[in-house]
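Novice: Pasting model37.txt below, which is compact mmCIF, C-alpha atoms.
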# COMPACT_ATOMS: atom_id res chain seq x y z
CA MET A 1 -64.40 -37.41 72.77
CA THR A 2 -64.92 -33.71 73.37
CA LEU A 3 -62.11 -31.25 74.01
CA VAL A 4 -62.80 -28.44 76.48
CA PHE A 5 -60.63 -25.37 75.95
CA GLY A 6 -60.48 -23.11 78.96
CA SER A 7 -60.90 -25.93 81.46
CA THR A 8 -59.43 -23.93 84.34
CA GLY A 9 -61.46 -20.77 83.77
CA PHE A 10 -64.74 -19.81 85.41
CA LEU A 11 -66.99 -21.91 83.16
CA GLY A 12 -64.39 -24.65 82.70
CA LYS A 13 -64.26 -25.25 86.45
CA THR A 14 -68.00 -25.85 86.30
CA PHE A 15 -67.64 -28.40 83.50
CA PHE A 16 -65.08 -30.30 85.55
CA SER A 17 -66.61 -29.92 89.02
CA GLU A 18 -67.71 -33.55 88.71
CA PRO A 19 -66.07 -36.31 86.65
CA VAL A 20 -67.51 -36.30 83.14
CA PRO A 21 -66.71 -39.15 80.75
CA ASN A 22 -65.39 -38.31 77.31
CA LEU A 23 -64.34 -34.75 78.16
CA ILE A 24 -60.67 -33.85 77.74
CA ALA A 25 -59.54 -30.73 79.58
CA VAL A 26 -57.29 -28.43 77.57
CA ASP A 27 -55.73 -25.71 79.70
CA ARG A 28 -53.14 -23.02 78.95
CA GLY A 29 -50.33 -25.50 79.50
CA ARG A 30 -51.41 -27.36 76.38
CA TYR A 31 -52.68 -24.46 74.26
CA ASP A 32 -52.26 -20.78 75.01
CA PHE A 33 -54.62 -18.86 72.73
CA SER A 34 -52.29 -15.83 72.77
CA LYS A 35 -49.44 -17.80 71.16
CA PRO A 36 -49.00 -19.60 67.84
CA LEU A 37 -50.00 -23.24 67.53
CA THR A 38 -47.17 -25.67 68.24
CA PRO A 39 -46.43 -28.93 66.40
CA ALA A 40 -46.99 -30.81 69.67
CA PHE A 41 -50.45 -29.27 70.01
CA LEU A 42 -51.34 -30.13 66.42
CA ASP A 43 -50.27 -33.73 67.10
CA PHE A 44 -52.46 -33.72 70.22
CA LEU A 45 -55.46 -32.55 68.17
CA THR A 46 -54.94 -35.38 65.73
CA ILE A 47 -54.48 -38.17 68.28
CA SER A 48 -57.33 -36.94 70.52
CA ARG A 49 -59.84 -38.22 67.95
CA ALA A 50 -62.22 -35.57 69.22
CA LYS A 51 -65.55 -35.14 67.48
CA SER A 52 -66.28 -31.77 69.10
CA ALA A 53 -64.52 -28.97 70.95
CA ILE A 54 -66.06 -26.66 73.54
CA ILE A 55 -64.34 -23.28 73.39
CA LEU A 56 -64.65 -21.40 76.67
CA THR A 57 -61.37 -19.51 76.51
CA ALA A 58 -61.60 -15.72 76.32
CA ILE A 59 -60.56 -12.46 77.86
CA SER A 60 -64.18 -11.95 78.86
CA SER A 61 -64.00 -8.77 80.92
CA PRO A 62 -64.79 -5.77 78.71
CA ASP A 63 -62.55 -3.67 80.98
CA ASP A 64 -59.64 -6.10 80.57
CA CYS A 65 -60.07 -5.99 76.79
CA LEU A 66 -59.79 -2.20 76.86
CA LYS A 67 -56.79 -2.26 79.20
CA ASP A 68 -54.85 -4.58 76.90
CA PRO A 69 -56.45 -4.62 73.45
CA THR A 70 -53.42 -6.32 71.85
CA TYR A 71 -53.54 -9.28 74.23
CA SER A 72 -57.34 -9.58 74.11
CA GLU A 73 -57.19 -9.51 70.29
CA ALA A 74 -54.55 -12.28 70.37
CA VAL A 75 -56.76 -14.48 72.56
CA ASN A 76 -60.30 -13.58 71.51
CA VAL A 77 -59.73 -13.39 67.76
CA ALA A 78 -56.33 -14.53 66.43
CA GLY A 79 -55.88 -17.52 68.76
CA THR A 80 -59.51 -18.56 68.44
CA VAL A 81 -59.45 -18.36 64.64
CA ALA A 82 -56.15 -20.30 64.48
CA LEU A 83 -57.70 -23.05 66.60
CA LEU A 84 -60.91 -23.03 64.56
CA LYS A 85 -58.95 -23.52 61.33
CA GLU A 86 -57.32 -26.62 62.82
CA LEU A 87 -60.65 -27.92 64.09
CA LYS A 88 -62.09 -27.50 60.59
CA ALA A 89 -59.17 -29.38 59.05
CA ARG A 90 -59.85 -32.30 61.42
CA ARG A 91 -63.67 -32.18 61.11
CA ILE A 92 -64.08 -31.31 64.78
CA LYS A 93 -67.35 -29.50 65.52
CA PRO A 94 -66.89 -26.24 67.47
CA VAL A 95 -69.16 -25.40 70.38
CA PHE A 96 -68.30 -21.76 70.88
CA PHE A 97 -69.23 -19.84 73.98
CA SER A 98 -69.86 -16.24 72.98
CA THR A 99 -71.61 -13.37 74.71
CA ASP A 100 -74.63 -11.12 74.65
CA HIS A 101 -72.11 -8.29 74.14
CA VAL A 102 -72.45 -8.93 70.39
CA PHE A 103 -75.61 -6.80 70.77
CA ASN A 104 -75.97 -3.31 72.23
CA GLY A 105 -78.67 -4.30 74.73
CA GLN A 106 -81.21 -1.70 73.65
CA MET A 107 -83.77 -4.09 72.19
CA GLY A 108 -83.50 -7.29 74.25
CA ASN A 109 -84.88 -10.73 73.36
CA TYR A 110 -82.49 -10.98 70.43
CA ARG A 111 -82.90 -13.60 67.72
CA GLU A 112 -80.28 -15.33 65.60
CA ASP A 113 -81.15 -13.24 62.56
CA ASP A 114 -80.76 -9.91 64.40
CA ALA A 115 -77.84 -7.80 63.24
CA TYR A 116 -74.77 -7.58 65.43
CA THR A 117 -74.56 -4.23 67.24
CA PRO A 118 -71.62 -4.49 69.68
CA ILE A 119 -70.63 -1.40 71.64
CA THR A 120 -67.67 -2.91 73.50
CA LEU A 121 -64.32 -4.07 72.19
CA TYR A 122 -65.06 -7.48 73.72
CA GLY A 123 -68.33 -7.66 71.77
CA ARG A 124 -66.61 -6.68 68.52
CA GLN A 125 -63.97 -9.35 69.07
CA LYS A 126 -66.60 -12.02 69.68
CA VAL A 127 -68.47 -10.92 66.53
CA ARG A 128 -65.31 -11.56 64.52
CA ALA A 129 -64.95 -15.06 65.98
CA GLU A 130 -68.66 -15.84 65.46
CA THR A 131 -68.50 -14.54 61.88
CA PHE A 132 -65.51 -16.77 61.14
CA ILE A 133 -67.40 -19.79 62.49
CA ARG A 134 -70.55 -19.01 60.50
CA GLU A 135 -68.56 -18.51 57.28
CA THR A 136 -66.30 -21.55 57.73
CA PHE A 137 -68.35 -24.34 59.32
CA SER A 138 -71.59 -25.96 58.30
CA ASP A 139 -71.91 -27.82 61.63
CA TYR A 140 -71.32 -25.68 64.72
CA LEU A 141 -72.99 -24.39 67.85
CA ILE A 142 -72.69 -20.85 69.21
CA LEU A 143 -73.94 -20.26 72.75
CA ARG A 144 -74.29 -16.68 73.93
CA THR A 145 -74.19 -16.17 77.65
CA SER A 146 -74.59 -13.16 79.86
CA LYS A 147 -72.90 -12.78 83.24
CA GLN A 148 -72.45 -16.21 84.82
CA VAL A 149 -72.77 -17.01 88.50
CA ALA A 150 -71.83 -20.05 90.55
CA MET A 151 -72.37 -21.40 94.03
CA ARG A 152 -68.66 -21.14 94.80
CA VAL A 153 -66.36 -18.29 95.74
CA ASP A 154 -64.55 -17.20 92.61
CA ASP A 155 -63.11 -13.84 91.59
CA LYS A 156 -65.13 -13.95 88.35
CA ASN A 157 -68.41 -14.69 90.16
CA THR A 158 -70.80 -11.75 90.49
CA LEU A 159 -72.35 -13.21 93.65
CA SER A 160 -68.92 -13.66 95.27
CA GLU A 161 -67.93 -10.13 94.36
CA MET A 162 -71.10 -8.72 95.90
CA ALA A 163 -70.82 -10.82 99.07
CA LEU A 164 -67.18 -9.84 99.61
CA LYS A 165 -68.00 -6.15 99.14
CA LEU A 166 -70.90 -6.39 101.59
CA LEU A 167 -68.65 -8.05 104.17
CA ALA A 168 -66.11 -5.26 103.67
CA GLU A 169 -68.90 -2.65 103.95
CA GLN A 170 -68.12 -1.36 100.46
CA LYS A 171 -70.54 0.00 97.90
CA ILE A 172 -71.89 -2.29 95.19
CA ARG A 173 -72.32 -0.80 91.72
CA CYS A 174 -75.21 -2.40 89.86
CA ALA A 175 -78.10 -1.61 87.56
Please, can you express the file's structure as structure tokens?

Specialist:
Amino acid sequence: MTLVFGSTGFLGKTFFSEPVPNLIAVDRGRYDFSKPLTPAFLDFLTISRAKSAIILTAISSPDDCLKDPTYSEAVNVAGTVALLKELKARRIKPVFFSTDHVFNGQMGNYREDDAYTPITLYGRQKVRAETFIRETFSDYLILRTSKQVAMRVDDKNTLSEMALKLLAEQKIRCA
């Protein structure tokens, strides 16, 4: 079994767009990363018998992190690390979705041995979570994504945002 944290978010919706055997969706109703772990959640982790956990949950907008640094810290670092400690105790392998924001973007084509150079609060928060994983686990996977897109209308989808702005005859800011 594999637990998927953040099952109702942008990437989580993609994981569950089709039925997938052996995936267990974990949404905010079961575990809210901004709050302490509950005994009921710890029991769930134990009885799930999961071998791995995909961690998609994050406050992933750099602007949202700046607007509410306390909340983004609670989700992106404190809540993630609390979960990771429990995964470690139960020998559950983390598959952590991170970001290219852990680098400053000046060089490009980054490698795993390149030094972290985040310039956003979001990037610095993800560095802390990645560092905890690297220092704590011997078996883990960290996936760094850039901006994701999907073939569905979603407020977190760059293509949707652009299409809606074009329809409203608004300007689109892009590089």

Novice: From the list A:Thr70, A:Ser52, A:Ser17, A:Thr120, which residue is nearest Leu84 in chain A when using only C-alpha atoms?

Specialist: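 Answer, going by the shortest atom-to-atom distance: A:Ser52.
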
Novice: Can you pull out every residue within 12 Å of Phe137 in chain A, counting all atoms listed in the file, but drop anything in the same chain fewer than 5 positions away, and send it as a ChimeraX atom specification?

Specialist: /A:81,84-96,129-132,142

Novice: For Tyr122 in chain A, please output as a PyMOL selection string all residues within 12 Å (counting all atoms listed in the file; exclusion window: fewer than 6 positions along the same chain).

Specialist: chain A and resi 58-73+75-77+98-104+128-129

Novice: Suppose we keep C-alpha atoms; can you now write the selection as a PDB file, in the coordinates of the input?

Specialist:
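Result went into part06.pdb, see below:
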ATOM      1  CA  ALA A  58     -61.600 -15.720  76.320  1.00  0.00           C
ATOM      2  CA  ILE A  59     -60.560 -12.460  77.860  1.00  0.00           C
ATOM      3  CA  SER A  60     -64.180 -11.950  78.860  1.00  0.00           C
ATOM      4  CA  SER A  61     -64.000  -8.770  80.920  1.00  0.00           C
ATOM      5  CA  PRO A  62     -64.790  -5.770  78.710  1.00  0.00           C
ATOM      6  CA  ASP A  63     -62.550  -3.670  80.980  1.00  0.00           C
ATOM      7  CA  ASP A  64     -59.640  -6.100  80.570  1.00  0.00           C
ATOM      8  CA  CYS A  65     -60.070  -5.990  76.790  1.00  0.00           C
ATOM      9  CA  LEU A  66     -59.790  -2.200  76.860  1.00  0.00           C
ATOM     10  CA  LYS A  67     -56.790  -2.260  79.200  1.00  0.00           C
ATOM     11  CA  ASP A  68     -54.850  -4.580  76.900  1.00  0.00           C
ATOM     12  CA  PRO A  69     -56.450  -4.620  73.450  1.00  0.00           C
ATOM     13  CA  THR A  70     -53.420  -6.320  71.850  1.00  0.00           C
ATOM     14  CA  TYR A  71     -53.540  -9.280  74.230  1.00  0.00           C
ATOM     15  CA  SER A  72     -57.340  -9.580  74.110  1.00  0.00           C
ATOM     16  CA  GLU A  73     -57.190  -9.510  70.290  1.00  0.00           C
ATOM     17  CA  VAL A  75     -56.760 -14.480  72.560  1.00  0.00           C
ATOM     18  CA  ASN A  76     -60.300 -13.580  71.510  1.00  0.00           C
ATOM     19  CA  VAL A  77     -59.730 -13.390  67.760  1.00  0.00           C
ATOM     20  CA  SER A  98     -69.860 -16.240  72.980  1.00  0.00           C
ATOM     21  CA  THR A  99     -71.610 -13.370  74.710  1.00  0.00           C
ATOM     22  CA  ASP A 100     -74.630 -11.120  74.650  1.00  0.00           C
ATOM     23  CA  HIS A 101     -72.110  -8.290  74.140  1.00  0.00           C
ATOM     24  CA  VAL A 102     -72.450  -8.930  70.390  1.00  0.00           C
ATOM     25  CA  PHE A 103     -75.610  -6.800  70.770  1.00  0.00           C
ATOM     26  CA  ASN A 104     -75.970  -3.310  72.230  1.00  0.00           C
ATOM     27  CA  ARG A 128     -65.310 -11.560  64.520  1.00  0.00           C
ATOM     28  CA  ALA A 129     -64.950 -15.060  65.980  1.00  0.00           C
TER      29      ALA A 129
END

Novice: Quick one: everything within 6 Å of Phe5 in chain A, counting all atoms listed in the file, minus sequence neighbours fewer than 5 positions away in the same chain. Send it as a compact mmCIF listing (two decimals) with C-alpha atoms, keeping the file's coordinate frame.

Specialist:
# COMPACT_ATOMS: atom_id res chain seq x y z
CA VAL A 26 -57.29 -28.43 77.57
CA ILE A 55 -64.34 -23.28 73.39
CA LEU A 56 -64.65 -21.40 76.67
CA THR A 57 -61.37 -19.51 76.51

Novice: Nearest to Lys126 in chain A among A:Ala25, A:Leu167, A:Ala78, A:Leu11, with distances taken over only C-alpha atoms: which residue is it?

Specialist: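 The shortest atom-to-atom distance to Lys126 in chain A comes from A:Ala78.
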
Novice: Which residue is closest to Thr2 in chain A? Choose from A:Leu164, A:Ile54, A:Leu83, A:Leu121 and count all atoms listed in the file.

Specialist: A:Ile54
